[in-house]
Amino acid sequence: MGSVLRRLLFFFQRNQFDRDLEDELRFHEEMKAHALADADGMSGDEARAAARRRIGNLLRLREQSSEPWTFPTVETFTRDVRHALRLLGRDPAFTFTALATLALGIGLNTAIFSVAYGVLWRPLPYPNPDRLVMVSSAQQTETGPRTFSTWAPVSFEALRSRVTTLDDLAAYNSIDAPLTGRGEPLQLHALDVSPNFFVTLGVNPALGREFLTGAAAPDDDRSAIVSDRLWRTSLKADPAIVGQSITIDGLPRTVVGVLPPDFSFRPVLPRLGALPETDIFLLNRWPGDTGSDAFLFLLGRMKSGVTQERAEAELTALVNDSSIVRAGALAPEGILAPNVRTRARAVGLQEYGTESVRTLLLILLGAVSCVLLIACVNVANLQMARLSARRGELSVRMALGAGRRRIVHQLLTEAVVLSLLGASLGVMLAWIAIDVTLPLVPQFALPRLGGIVIDARVMAFCLGLSLLSTLVIGLVPALRVSGAAFGEGLALHAGEARTTGDRQGERLRTLLVAAQIAMTLVLLIGAGLLIHSFVRLTSVSPGFELSGRDGVVQTVKVTLPERLYDKPERIHAFARGVLNRIQYLPGVTSASVINSAPFGMMFIRDNFYIEDQPKPKLDAGRPKIGAGYFKTMGIPLLAGREFTARDTAEAPKVAIVSERIAREYFPGGPGEALGRHVRLSDRGEWLAVVGVVADIRQKGLDQEVQPMLYVPFQQERVDFFVLRFVSFVARTATPGSVVEGIRAEIRRAAPDLAIESTLTMDEAVAASVAPPRFRMLLLVLFAMTATLIATCGIYGLMAYAVTQRRREIGVRMALGAERRDVLRLVLTRALRIVVAGLIVGLAGAAGVTRVLQTFLFGVTPTDPIAFTIVTLLLMAVGLMAAWMPARRATRIDPCAALRAE
Amino acid sequence: MKEAKTKSKNELLPGTLEMLILKTLSIESMHGYGIAQHIQMLSADVLTIEEGSLYPALQRMLVKGWVLAEWKISANNRRARFYTLTTAGKKQLGVEESRLSQMFGAIMRVMKTT
């Protein structure tokens with residue numbers, strides 16, 4: 001409409017408009033003066049004065065003239081906003097507290113939400129990601145349902161060729177892939193994938209092409225597709241990379257494609273978590289693999305219109321057709337029992353692997369919502385106190401005709417302004433928090449870390465939160481204003497709290513503060529539980545010495561490639577050679593080698609046999625160690641001796657057992673086991689037990705001790721496959737230089753060998769407790785924030801109450817009450833409120849902490865220590881918060897207070 | 001001083017002021033003072049337009065697009081803002097005129113009955 005456009009124009013030409021109107025009115029004035037001078041014979045000045053008087057109120061005229069040009073609602077709104085800002089500016093204490101509180105509450109919520117959204121709900125970066133599923137199988141056993149996540153290549157092939165409800169079914173497997181020939185040998189995160197992998201995902205490489213999915217083309221079988229990151233770093237972003245050859249694991253591979261920069265695929269291994277971002281995808285058809293080893297993960301794309309149930313039904317039918325799937329498949333979780341009904345499961349790719357994290361994230365979301373609620377309640381409280389202080393002013397305004405609606409309107413505008421400002425600050429806080437904390441997240445804890453950004457959706461959530469908080473903050477005071485009792489008592493004593501209207505307000509405010517304390521207590525107890533649990537966890541001794549007089553234990557891990565090290569002698573020679581040289585490195589007190597270091601990824605357990613005894617029920621770990629291993633690790637020897645250099649391949653076969661085995665099967669003391677014989681399989685050689693060592697925790701501080709059967713590295717010939725995973729361990733006080741020394745020796749012995757990792761045992765143990773530590777820190781952060789906010793709440797309430805009650809306190813003091821009595825009065829009142837909140841909080845906590853069960857170690861959800869300490873702590877904090885207002889109360893001058901304001 | 005003439009102010013029906021302005025401008029373009037003088041003269045002093053009503057009315061008509069404003073040199077060589085009727089304004093004038101006669105006719109019919 002034309003008038004709208006014209007009005008918009010006015011908005012930009014306001015100054016010009018004002019000037020024009022002024023000129024116009026001046027002209028009118030002159031003409032009028034002229035006419036008056038002519039008609040009545042006045043002098044020039046008199047005429048002009050008369051003219052001006054006739055024209056009347058210029059200001060009003062100007063206002064009325066500009067009125068038609070404005071958009072009415074916008075004007076009112078702008079006026080309200082400006083008024084609100086002015087009011088806020090005039091009360092810096094309130095504004096600062098309110099903004100800080102809101103920013104904390106909304107900021108925390110936004111941060112956690114963006115994490116939860118990024119991990120759990122953000123659509124994966126593939127076309128139609130809800131159609132992608134991971135296929136696994138499950139069987140019902142006596143101990144409950146058991147899931148098998150992997151399949152053998154024959155099963156994969158059979159399913160792929162027969163399934164109709166899936167567009168495509170692809171397979172992948174995580175492998176070691178050292179890249180050599182392009183600078184320092186690098187251990188890549190690699191996946192062996194079936195040819196149709198990218199077709200199933202629906203992703204095209206940015207450079208080059210996908211794998212060919214037709215019949216096996218021999219040339220193509222050695223192709224590889226690299227990630228954008230790998231291309232930019234190791235391959236120097238060479239634009240002509242497509243068609244070139246790179247060496248992976250000693251074999252040439254042709255690069256046929258480079259993926260787009262925003263592509264991401266982090267395979268999730270069950271019970272391990274999410275692996276790091278994949279660097280390279282190697283084509284594999286697993287030709288000739290007819291074995292029952294199940295190591296492939298299957299990823300399928302459901303046809304449009306097919307439901308998960310239908311796909312699962314068809315897959316289940318196929319799986320139970322024994323002509324298709326090999327029974328007795330050996331998966332990492334165990335052996336698929338033949339003749340037992342197997343169910344196929346198709347889990348959405350999005351959910352796959354996030355089950356464990358889901359619970360934690362949802363708990364965290366609940367916790368921060370509590371914090372936000374506390375924050376809003378606090379601000380609402382502060383607003384109400386402020387409102388009470390303005391009762392005089394507002395009553396006058398209402399008497400002068402400002403409708404109740406107008407005032408409610410204005411209060412709501414204030415709330416909106418406050419919330420939006422708080423939300424903006426909150427978003428900035430969230431952004432900083434995420435930037436700072438994300439690098440600290442333990443490695444496997446969160447899949448899809450890259451998806452955690454503050455984008456439009458998260459901002460929309462933040463906006464929604466701020467609106468919600470607006471409602472809470474604005475509604476409560478607004479309702480009070482519209483309440484009948486408010487306008488009454490046009491208080492002559494503006495600071496009096498004696499009128500009934502304000503009594504009601506005070507009761508409400510007290511209730512809100514008590515509620516805050518209850519919620520804070522719940523959060524604090526949760527944090528306390530996690531802290532106690534963490535303390536218990538870290539006080540568990542791993543069984544070996546982490547750091548002592550002689551320094552720490554440095555480990556360097558390599559994986560020997562199968563092709564080059566296909567005979568046990570080769571592995572022995574390598575280990576022996578490197579070890580001999582490492583032992584003489586400066587700074588090394590002692591060194592040894594093992595194939596499955598504690599707190600590492602690798603650990604195999606299996607049956608063992610004892611001479612003259614029925615088959616033991618325990619599975620034992622069977623690490624292969626070098627001489628002096630226990631000395632290096634600081635594991636006490638309980639009986640007998642360690643392995644030495646004399647326990648060579650030709651010497652008599654020996655073994656060392658752990659305390660647990662000795663205690664269980666050789667009662668009568670550890671010495672009993674010496675001289676007895678054990679063996680690792682029912683057809684293997686008998687090994688003579690020459691020593692007994694203390695138990696260690698192999699897998700984690702919260703895991704049970706593992707029974708161990710140690711065998712000399714040099715004597716292992718049958719099971720030599722596992723010897724490929726070599727960890728050199730060295731006790732040293734200078735780990736930095738020793739690491740370099742070990743690296744150099746390894747490079748000498750095997751120039752193309754990539755170093756997999758270099759960790760000290762301290763770091764390995766610390767990494768293992770990183771998830772519980774992280775959880776604990778998070779919850780402590782929330783709890784502390786809530787406590788801060790609640791403290792402000794108590795302080796504000798008591799401070800205001802003291803101000804309101806000045807007269808009463810003055811009277812008491814005049815009547816003989818001492819400072820001590822006044823102090824006690826205020827503190828008792830505060831204590832009563834705090835205790836009420838604590839009681840409710842305790843009841844709530846007792847019920848709620850159950851959700852933390854899975855994250856607790858060594859403590860119950862109703863741990864009395866945590867409950868007691870936290871409750872006392874919060875009570876002390878509450879009293880401290882009331883202390884300052886109490887002290888201020890004692891300083892009231894009775895004379896001044898008694899004089900009416 | 002011939003001030004404070006307690007002339008009974010004839011209150012104009014809302015919208016009538018705008019109609020009068022439109023009619024005035026249909027004769028020729030004028031500045032604000034001129035419009036007020038014109039109406040006062042033609043109505044033999046019965047209708048006095050207060051500046052407080054005139055200028056807001058002119059602004060409203062500017063917003064609605066019935067008139068255009070232009071700065072020109074007036075008769076006595078001073079710079080003044082002249083208002084001109086637009087096509088929309090002319091149409092509006094016609095609408096108002098017909099409505100007025102309708103109203104007038106209706107009122108007279110009621111008043112003529114005995």
# chains A, B, ... in the order shown; residues from 1 in each chain; ligands from 1

call {"tool": "closest_atom_pairs", "arguments": {"of": "chain B", "to": "chain A", "cutoff": "7 Å", "atoms": "only C-alpha atoms", "output": "CSV"}}
result
residue,atom,partner,partner_atom,distance
B:Tyr33,CA,A:His28,CA,5.5
B:Glu51,CA,A:Ile55,CA,5.9
B:Gly52,CA,A:Leu61,CA,5.5
B:Tyr55,CA,A:Ser65,CA,6.2
B:Pro56,CA,A:Ser65,CA,4.2
B:Gln59,CA,A:Ser65,CA,6.0
B:Arg60,CA,A:Pro68,CA,5.4
B:Val63,CA,A:Ser3,CA,5.5
B:Lys64,CA,A:Ser3,CA,5.5
B:Gly65,CA,A:Ser3,CA,6.9
B:Ala80,CA,A:Glu24,CA,6.4
B:Arg81,CA,A:Glu24,CA,6.4

call {"tool": "write_last_selection", "arguments": {"atoms": "C-alpha atoms", "output": "PDB file, in the first residue's frame"}}
result
ATOM      1  CA  TYR B  33      -2.138  29.692   5.787  1.00  0.00           C
ATOM      2  CA  GLU B  51      -3.618  25.491  13.248  1.00  0.00           C
ATOM      3  CA  GLY B  52      -3.658  22.593  15.671  1.00  0.00           C
ATOM      4  CA  TYR B  55      -1.515  20.861   9.903  1.00  0.00           C
ATOM      5  CA  PRO B  56      -2.149  17.393  11.305  1.00  0.00           C
ATOM      6  CA  GLN B  59      -0.134  15.485   7.149  1.00  0.00           C
ATOM      7  CA  ARG B  60      -2.784  12.800   7.255  1.00  0.00           C
ATOM      8  CA  VAL B  63       0.186  10.020   4.158  1.00  0.00           C
ATOM      9  CA  LYS B  64      -2.946   8.875   2.384  1.00  0.00           C
ATOM     10  CA  GLY B  65      -1.659  10.310  -0.861  1.00  0.00           C
ATOM     11  CA  ALA B  80       6.250  28.409   1.597  1.00  0.00           C
ATOM     12  CA  ARG B  81       4.954  24.924   1.248  1.00  0.00           C
TER      13      ARG B  81
END

call {"tool": "select_by_dssp", "arguments": {"residues": "range 28-69 of chain B", "states": "alpha helix (DSSP H)", "output": "PyMOL selection string"}}
result
chain B and resi 32-42+51-64

call {"tool": "closest_residue", "arguments": {"among": "B:Ile21, B:Ser26, B:Ile39, B:His31", "to": "Tyr83 in chain B", "atoms": "only C-alpha atoms"}}
result
B:His31

call {"tool": "residues_around", "arguments": {"residues": "Glu96 in chain B", "least_positions_apart": "3", "cutoff": "9 Å", "atoms": "only C-alpha atoms", "output": "list in words"}}
result
Gly15, Thr16, Met19, Lys91, Gln92, Leu93, Arg99, Leu100 and Ser101 of chain B

call {"tool": "select_by_dssp", "arguments": {"residues": "chain B", "states": "strand (DSSP E)", "output": "PyMOL selection string"}}
result
chain B and resi 30-31+67-73+79-85

call {"tool": "residues_around", "arguments": {"residues": "range 886-888 of chain A", "least_positions_apart": "5", "cutoff": "7 Å", "atoms": "only C-alpha atoms", "output": "list of chain:residue names"}}
result
A:Leu823, A:Val826, A:Leu827

call {"tool": "write_last_selection", "arguments": {"atoms": "C-alpha atoms", "output": "compact mmCIF listing (two decimals), in the first residue's frame"}}
result
# COMPACT_ATOMS: atom_id res chain seq x y z
CA LEU A 823 21.74 -11.09 64.10
CA VAL A 826 17.81 -12.63 60.70
CA LEU A 827 19.93 -15.75 60.61

call {"tool": "atom_distance", "arguments": {"atom1": "CA of Val133 in chain A", "atom2": "CA of Leu349 in chain A"}}
result
4.8 Å

call {"tool": "closest_residue", "arguments": {"among": "A:Phe713, A:Gly626, A:Leu529, A:Val226", "to": "Val859 in chain A", "atoms": "only C-alpha atoms"}}
result
A:Leu529

call {"tool": "atom_distance", "arguments": {"atom1": "CA of Pro636 in chain A", "atom2": "CA of Ser727 in chain A"}}
result
20.4 Å
